[in-house]
>>> print(open('model_4.cif').read())   # mmCIF, C-alpha atoms
data_model
#
loop_
_atom_site.label_atom_id
_atom_site.label_comp_id
_atom_site.auth_asym_id
_atom_site.auth_seq_id
_atom_site.Cartn_x
_atom_site.Cartn_y
_atom_site.Cartn_z
CA MET A 1 87.19 73.29 88.97
CA PHE A 2 87.05 76.62 87.19
CA PHE A 3 90.39 77.90 88.51
CA ARG A 4 92.67 76.70 85.73
CA LYS A 5 96.37 76.22 86.24
CA ARG A 6 98.46 78.42 84.01
CA ASN A 7 102.16 78.59 83.34
CA LYS A 8 103.86 81.08 85.62
CA GLU A 9 107.37 82.44 85.37
CA ILE A 10 109.44 81.82 88.50
CA VAL A 11 111.19 85.03 89.43
CA LYS A 12 114.56 84.53 91.09
CA ASP A 13 115.20 87.34 93.53
CA SER A 14 116.24 87.85 97.15
CA GLU A 15 112.88 89.46 97.82
CA ILE A 16 109.36 88.81 96.59
CA SER A 17 109.19 90.26 93.09
CA PHE A 18 106.71 93.05 92.48
CA GLY A 19 106.16 91.68 89.01
CA PHE A 20 105.46 88.18 90.27
CA GLY A 21 102.92 89.39 92.86
CA PHE A 22 101.24 91.58 90.24
CA ASN A 23 101.05 88.82 87.62
CA PHE A 24 99.89 86.23 90.14
CA ALA A 25 97.03 88.49 91.28
CA LEU A 26 95.96 89.54 87.78
CA ASP A 27 96.05 85.95 86.53
CA TYR A 28 93.69 84.90 89.32
CA ILE A 29 91.44 87.94 88.89
CA HIS A 30 91.03 87.39 85.13
CA THR A 31 90.15 83.74 85.74
CA VAL A 32 87.47 84.72 88.25
CA LEU A 33 86.03 87.34 85.89
CA GLU A 34 85.85 84.81 83.06
CA TYR A 35 83.80 82.57 85.31
CA GLU A 36 81.31 85.29 86.28
CA LYS A 37 78.59 85.59 83.64
CA SER A 38 76.77 88.86 84.32
CA LEU A 39 78.21 92.36 84.23
CA GLU A 40 76.87 92.99 87.74
CA ASP A 41 78.69 89.93 89.11
CA LYS A 42 81.92 90.94 87.39
CA ILE A 43 81.74 94.46 88.85
CA ASN A 44 80.96 93.05 92.30
CA MET A 45 84.08 90.88 92.14
CA ILE A 46 86.26 93.78 90.95
CA ASP A 47 85.00 95.96 93.82
CA PHE A 48 85.71 93.10 96.23
CA PHE A 49 89.29 92.67 95.00
CA MET A 50 89.89 96.42 95.09
CA GLU A 51 88.70 96.66 98.69
CA ILE A 52 91.00 93.79 99.73
CA THR A 53 93.95 95.50 98.03
CA ARG A 54 93.18 98.92 99.55
CA LYS A 55 92.94 97.55 103.07
CA ASP A 56 96.11 95.48 102.65
CA ILE A 57 98.32 98.31 101.43
CA GLN A 58 96.92 100.85 103.92
CA TYR A 59 97.59 98.86 107.07
CA ASP A 60 100.78 97.28 105.78
CA LEU A 61 102.40 100.68 105.18
CA LEU A 62 100.90 102.24 108.30
CA SER A 63 102.35 99.55 110.57
CA LYS A 64 105.85 99.31 109.07
CA PHE A 65 107.33 101.58 111.74
CA LEU A 66 106.54 98.92 114.35
CA TYR A 67 108.66 96.25 112.69
CA SER A 68 111.43 98.05 110.83
CA GLU A 69 113.39 101.26 110.46
CA VAL A 70 111.53 103.68 108.18
CA GLU A 71 113.43 106.94 108.67
CA ASP A 72 115.31 106.53 105.38
CA VAL A 73 112.41 105.07 103.39
CA LYS A 74 110.51 107.48 101.19
CA MET A 75 107.12 106.75 99.66
CA ARG A 76 106.92 108.12 96.14
CA PHE A 77 103.82 109.53 94.51
CA PRO A 78 101.72 106.50 93.51
CA PHE A 79 101.61 107.35 89.78
CA PRO A 80 104.04 109.05 87.39
CA ILE A 81 103.84 112.67 88.51
CA ILE A 82 104.06 113.99 84.94
CA TYR A 83 100.43 112.96 84.46
CA PHE A 84 99.43 115.45 87.17
CA MET A 85 101.62 118.40 86.15
CA THR A 86 99.82 121.11 84.21
CA ASP A 87 102.99 122.07 82.31
CA SER A 88 103.95 118.56 81.17
CA ASP A 89 103.62 117.55 77.52
CA ILE A 90 101.76 114.32 78.36
CA PRO A 91 98.50 114.43 76.36
CA ASN A 92 96.21 112.40 78.62
CA LYS A 93 96.62 114.00 82.02
CA ALA A 94 94.68 113.30 85.20
CA LYS A 95 91.83 115.73 85.80
CA LEU A 96 91.55 117.80 88.96
CA ILE A 97 87.98 117.46 90.24
CA ARG A 98 88.20 119.55 93.42
CA ASN A 99 90.66 120.95 95.94
CA ASP A 100 88.62 120.13 99.02
CA LYS A 101 87.64 116.46 98.88
CA ILE A 102 86.73 115.44 102.45
CA ILE A 103 88.48 112.27 103.63
CA ASP A 104 87.05 110.48 106.65
CA LEU A 105 89.92 108.94 108.60
CA SER A 106 87.57 106.33 110.09
CA LYS A 107 86.36 105.03 106.73
CA ASP A 108 88.41 106.01 103.68
CA ALA A 109 91.45 104.07 102.47
CA ILE A 110 94.62 106.11 102.96
CA VAL A 111 98.22 105.24 102.07
CA PHE A 112 101.30 106.88 103.52
CA LEU A 113 104.48 105.94 105.32
CA PRO A 114 105.09 107.34 108.83
CA TRP A 115 108.66 108.57 108.50
CA ASN A 116 109.69 109.00 112.15
CA ARG A 117 108.83 106.15 114.47
CA TYR A 118 109.69 108.24 117.54
CA SER A 119 107.14 110.99 116.81
CA PHE A 120 104.02 109.09 117.74
CA SER A 121 103.94 109.34 121.52
CA ASN A 122 102.99 113.01 121.85
CA THR A 123 100.68 112.83 118.83
CA VAL A 124 98.77 109.81 120.13
CA GLN A 125 98.37 111.35 123.58
CA SER A 126 97.25 114.72 122.20
CA ILE A 127 94.61 113.28 119.84
CA SER A 128 93.41 110.83 122.49
CA LYS A 129 92.77 113.73 124.90
CA ASN A 130 91.81 116.57 122.57
CA GLY A 131 90.58 114.92 119.39
CA PHE A 132 91.88 115.24 115.82
CA LYS A 133 92.23 118.77 114.47
CA TYR A 134 92.50 119.37 110.74
CA ILE A 135 95.24 121.85 109.85
CA LYS A 136 95.13 122.88 106.19
CA SER A 137 98.83 123.76 106.02
CA ASN A 138 99.86 120.42 107.53
CA HIS A 139 97.44 117.77 106.28
CA ARG A 140 97.99 117.35 102.55
CA GLY A 141 97.27 114.66 100.03
CA TYR A 142 95.59 113.46 96.85
CA TYR A 143 92.48 111.34 96.40
CA PHE A 144 92.19 109.18 93.28
CA SER A 145 88.46 108.64 92.83
CA ASP A 146 88.75 105.79 90.32
CA ILE A 147 90.63 103.58 92.79
CA GLU A 148 89.06 105.18 95.90
CA LEU A 149 92.44 105.70 97.51
CA CYS A 150 93.96 108.72 99.24
CA TYR A 151 97.71 109.35 99.17
CA VAL A 152 98.99 111.51 102.03
CA TYR A 153 102.37 113.25 101.91
CA ASN A 154 102.18 115.52 104.95
CA GLY A 155 100.75 115.26 108.46
CA ASN A 156 101.43 111.52 108.47
CA HIS A 157 101.68 110.94 112.21
CA SER A 158 98.49 112.72 113.24
CA ILE A 159 96.65 111.10 110.31
CA ALA A 160 97.93 107.66 111.33
CA THR A 161 96.67 108.27 114.85
CA GLY A 162 93.31 109.49 113.53
CA ILE A 163 92.94 106.32 111.43
CA ILE A 164 93.63 104.01 114.37
CA LYS A 165 91.44 106.05 116.72
CA LYS A 166 88.76 106.28 113.99
CA THR A 167 88.37 110.01 114.31
CA GLY A 168 88.90 113.11 112.20
CA GLN A 169 88.63 114.40 108.65
CA ILE A 170 91.04 116.06 106.24
CA LYS A 171 90.66 117.85 102.90
CA VAL A 172 92.74 116.91 99.86
CA LYS A 173 92.87 117.36 96.10
CA GLU A 174 90.70 114.88 94.18
CA TYR A 175 91.73 113.59 90.75
CA ASP A 176 90.03 111.57 88.01
CA ILE A 177 92.67 109.24 86.50
CA ARG A 178 90.60 107.68 83.72
CA ASN A 179 92.52 109.59 81.03
CA LEU A 180 95.62 107.69 82.10
CA PHE A 181 94.04 104.44 80.91
CA LYS A 182 94.64 105.53 77.31
CA ASP A 183 98.41 105.16 77.36
CA LEU A 184 99.76 104.48 80.89
CA THR A 185 100.52 100.78 81.38
CA THR A 186 102.30 98.73 84.02
CA ASP A 187 103.81 95.31 84.58
CA GLY A 188 103.69 95.69 88.36
CA SER A 189 107.33 96.75 88.52
CA ASN A 190 107.43 99.78 86.22
CA TRP A 191 105.15 102.35 84.61
CA TYR A 192 105.28 102.64 80.81
CA ILE A 193 103.86 104.78 78.05
CA ASN A 194 102.01 102.42 75.71
CA GLY A 195 103.94 99.49 77.12
CA GLU A 196 107.20 100.74 75.63
CA LYS A 197 108.85 103.80 77.17
CA GLN A 198 109.66 103.16 80.83
CA ILE A 199 108.82 106.18 82.97
CA ILE A 200 109.45 105.24 86.58
CA LYS A 201 109.42 102.26 88.92
CA VAL A 202 106.22 101.30 90.72
CA PHE A 203 106.43 102.16 94.41
CA ASP A 204 104.20 99.24 95.43
CA PHE A 205 102.75 96.55 93.17
CA ARG A 206 99.40 96.83 94.94
CA ILE A 207 98.99 100.33 93.48
CA ALA A 208 99.50 98.76 90.05
CA ILE A 209 96.87 96.12 90.84
CA LEU A 210 94.36 98.81 91.85
CA TYR A 211 95.11 100.70 88.65
CA GLU A 212 94.56 97.62 86.48
CA LEU A 213 91.34 96.75 88.31
CA ALA A 214 90.03 100.29 87.78
CA LYS A 215 90.89 100.02 84.09
CA ILE A 216 89.14 96.63 83.77
CA LYS A 217 86.06 98.01 85.55
CA TYR A 218 86.00 101.07 83.29
CA ASN A 219 86.23 98.93 80.14
CA PHE A 220 83.41 96.69 81.32
CA GLN A 221 81.20 99.70 81.99
CA ASN A 222 82.22 101.50 78.78
CA PRO A 223 82.54 98.82 76.09
CA GLN A 224 83.98 99.91 72.76
CA PRO A 225 81.58 99.58 69.79
#
>>> encode(input="model_4.cif", output="structure tokens")
Amino acid sequence: MFFRKRNKEIVKDSEISFGFGFNFALDYIHTVLEYEKSLEDKINMIDFFMEITRKDIQYDLLSKFLYSEVEDVKMRFPFPIIYFMTDSDIPNKAKLIRNDKIIDLSKDAIVFLPWNRYSFSNTVQSISKNGFKYIKSNHRGYYFSDIELCYVYNGNHSIATGIIKKTGQIKVKEYDIRNLFKDLTTDGSNWYINGEKQIIKVFDFRIAILYELAKIKYNFQNPQP
């Protein structure tokens, strides 16, 4: 068997540890990639794992309002925001590609947290009868091309309905995050600069997994001499 058993730290916590889930996934992924011989096969496996992770986080967050109270839960920006601020002193910032990236609600992976579980009824009925209507001032978000994930921070309820109904498009800002690979690191629980200075906690360990997979894929495709 090529899946080798490795020592794993048991994390004692009342909830599932972000760090444990992150390390468990990355340990398995690295083992699989060691087994695959060709670059094409390695990239195929990375794309496969990224798609699993995107689908999992999208529908997990989208459906939380059905099973728990979410009114007081806030979803933070997926990455340290200082890497996206033009006036920050961080050297390796994310690059803005365009302001009008089209996101297809029936196909693209989108993460957000519906904040009011009682706001869906009118929205669902309206979109079911009249279709989804993009409103620039209401539907806002960011698309991270390297992980193929869109983060929405406004217009959550109509976007959620559009996703489930498989209808509609929105426009968001698109960013290239490859510059972040140079010094932004994570252990699945926190974001660090060069593995040392802690910046902020990770909102969801699956974002950290996507980030690490994108970094691995980039390094495979751009080997250092």
>>> atom_distance(input="model_4.cif", atom1="atom CA of Asp100 of chain A", atom2="atom CA of Ile177 of chain A")
17.1 Å
>>> resolve_selection(input="model_4.cif", expression="the PyMOL selection byres ((chain A and resi 141-149) around 6)", output="short mmCIF file (atom, residue, chain, number, x, y, z; two decimals) with C-alpha atoms, keeping the file's coordinate frame")
data_model
loop_
_atom_site.label_atom_id
_atom_site.label_comp_id
_atom_site.auth_asym_id
_atom_site.auth_seq_id
_atom_site.Cartn_x
_atom_site.Cartn_y
_atom_site.Cartn_z
CA ALA A 109 91.45 104.07 102.47
CA ILE A 110 94.62 106.11 102.96
CA ARG A 140 97.99 117.35 102.55
CA CYS A 150 93.96 108.72 99.24
CA TYR A 151 97.71 109.35 99.17
CA VAL A 152 98.99 111.51 102.03
CA TYR A 153 102.37 113.25 101.91
CA VAL A 172 92.74 116.91 99.86
CA LYS A 173 92.87 117.36 96.10
CA GLU A 174 90.70 114.88 94.18
CA TYR A 175 91.73 113.59 90.75
CA ASP A 176 90.03 111.57 88.01
#
>>> resolve_selection(input="model_4.cif", expression="the PyMOL selection byres ((chain A and resi 187-189) around 12)", output="ChimeraX atom specification")
/A:16-26,79,184-186,190-196,198-212
>>> resolve_selection(input="model_4.cif", expression="the PyMOL selection byres ((chain A and resi 221) around 12)", output="list in words")
Ser38, Leu39, Glu40, Lys42, Ile43, Ile46, Ala214, Lys215, Ile216, Lys217, Tyr218, Asn219, Phe220, Asn222, Pro223 and Gln224 of chain A
>>> closest_residue(input="model_4.cif", among="A:Ile103, A:Leu62, A:Val32, A:Ile82", to="His157 of chain A", atoms="all atoms listed in the file")
A:Leu62
>>> closest_residue(input="model_4.cif", among="A:Asp56, A:Leu113, A:Ser119, A:Pro225", to="Arg76 of chain A", atoms="all atoms listed in the file")
A:Leu113
>>> atom_distance(input="model_4.cif", atom1="atom CA of Ser121 of chain A", atom2="atom CA of Ile163 of chain A")
15.2 Å
>>> atom_distance(input="model_4.cif", atom1="atom CA of Gly162 of chain A", atom2="atom CA of Ile102 of chain A")
14.2 Å
>>> residues_around(input="model_4.cif", residues="Lys136 of chain A", least_positions_apart="3", cutoff="9 Å", atoms="all atoms listed in the file", output="number ranges by chain")
A: 139-140, 170-171
>>> closest_residue(input="model_4.cif", among="A:Asn130, A:Asn116, A:Asn154, A:Thr161", to="Glu69 of chain A", atoms="only C-alpha atoms")
A:Asn116
>>> build_atoms(input="model_4.cif", residues="segment 35-46 of chain A", atoms="all heavy atoms", output="short mmCIF file (atom, residue, chain, number, x, y, z; two decimals), in the frame of the given file")
data_model
loop_
_atom_site.label_atom_id
_atom_site.label_comp_id
_atom_site.auth_asym_id
_atom_site.auth_seq_id
_atom_site.Cartn_x
_atom_site.Cartn_y
_atom_site.Cartn_z
N TYR A 35 84.80 83.47 84.75
CA TYR A 35 83.80 82.57 85.31
C TYR A 35 82.48 83.28 85.56
O TYR A 35 81.40 82.71 85.35
CB TYR A 35 84.33 81.98 86.62
CG TYR A 35 83.33 81.13 87.36
CD1 TYR A 35 83.02 79.84 86.95
CD2 TYR A 35 82.70 81.63 88.50
CE1 TYR A 35 82.11 79.05 87.64
CE2 TYR A 35 81.77 80.86 89.20
CZ TYR A 35 81.48 79.57 88.77
OH TYR A 35 80.57 78.81 89.45
N GLU A 36 82.54 84.53 86.00
CA GLU A 36 81.31 85.29 86.28
C GLU A 36 80.63 85.64 84.97
O GLU A 36 81.26 86.12 84.03
CB GLU A 36 81.64 86.56 87.06
CG GLU A 36 82.32 86.33 88.40
CD GLU A 36 81.43 85.60 89.40
OE1 GLU A 36 80.21 85.54 89.17
OE2 GLU A 36 81.96 85.11 90.41
N LYS A 37 79.32 85.42 84.90
CA LYS A 37 78.59 85.59 83.64
C LYS A 37 78.02 86.99 83.45
O LYS A 37 78.07 87.55 82.36
CB LYS A 37 77.45 84.56 83.56
CG LYS A 37 77.92 83.12 83.63
CD LYS A 37 78.92 82.79 82.53
CE LYS A 37 79.36 81.33 82.59
NZ LYS A 37 80.41 81.04 81.58
N SER A 38 77.44 87.57 84.48
CA SER A 38 76.77 88.86 84.32
C SER A 38 77.72 90.02 84.60
O SER A 38 78.70 89.87 85.35
CB SER A 38 75.55 88.96 85.25
OG SER A 38 75.97 89.10 86.60
N LEU A 39 77.40 91.17 84.00
CA LEU A 39 78.21 92.36 84.23
C LEU A 39 78.18 92.75 85.71
O LEU A 39 79.20 93.12 86.28
CB LEU A 39 77.69 93.52 83.38
CG LEU A 39 78.38 94.88 83.59
CD1 LEU A 39 79.86 94.79 83.27
CD2 LEU A 39 77.70 95.95 82.74
N GLU A 40 77.00 92.64 86.32
CA GLU A 40 76.87 92.99 87.74
C GLU A 40 77.78 92.13 88.60
O GLU A 40 78.44 92.65 89.52
CB GLU A 40 75.42 92.81 88.19
CG GLU A 40 75.19 93.15 89.65
CD GLU A 40 73.76 92.92 90.09
OE1 GLU A 40 72.94 92.46 89.27
OE2 GLU A 40 73.45 93.21 91.28
N ASP A 41 77.84 90.83 88.32
CA ASP A 41 78.69 89.93 89.11
C ASP A 41 80.17 90.24 88.89
O ASP A 41 80.98 90.17 89.82
CB ASP A 41 78.40 88.47 88.75
CG ASP A 41 77.05 88.01 89.26
OD1 ASP A 41 76.49 88.68 90.15
OD2 ASP A 41 76.55 86.98 88.78
N LYS A 42 80.53 90.60 87.67
CA LYS A 42 81.92 90.94 87.39
C LYS A 42 82.33 92.20 88.16
O LYS A 42 83.40 92.25 88.76
CB LYS A 42 82.12 91.17 85.88
CG LYS A 42 82.00 89.90 85.03
CD LYS A 42 82.17 90.23 83.56
CE LYS A 42 81.88 89.05 82.67
NZ LYS A 42 82.86 87.97 82.79
N ILE A 43 81.45 93.22 88.14
CA ILE A 43 81.74 94.46 88.85
C ILE A 43 81.82 94.22 90.34
O ILE A 43 82.69 94.78 91.04
CB ILE A 43 80.68 95.53 88.53
CG1 ILE A 43 80.68 95.87 87.04
CG2 ILE A 43 80.93 96.79 89.37
CD1 ILE A 43 81.99 96.38 86.50
N ASN A 44 80.93 93.39 90.87
CA ASN A 44 80.96 93.05 92.30
C ASN A 44 82.29 92.43 92.69
O ASN A 44 82.85 92.74 93.75
CB ASN A 44 79.82 92.11 92.65
CG ASN A 44 78.48 92.82 92.74
OD1 ASN A 44 78.43 94.03 92.92
ND2 ASN A 44 77.40 92.06 92.62
N MET A 45 82.80 91.54 91.84
CA MET A 45 84.08 90.88 92.14
C MET A 45 85.23 91.88 92.05
O MET A 45 86.15 91.85 92.88
CB MET A 45 84.32 89.71 91.20
CG MET A 45 83.40 88.51 91.42
SD MET A 45 83.34 87.95 93.15
CE MET A 45 85.07 87.63 93.50
N ILE A 46 85.20 92.77 91.06
CA ILE A 46 86.26 93.78 90.95
C ILE A 46 86.26 94.67 92.19
O ILE A 46 87.33 94.95 92.77
CB ILE A 46 86.05 94.63 89.68
CG1 ILE A 46 86.33 93.78 88.43
CG2 ILE A 46 86.98 95.85 89.70
CD1 ILE A 46 85.98 94.48 87.13
#
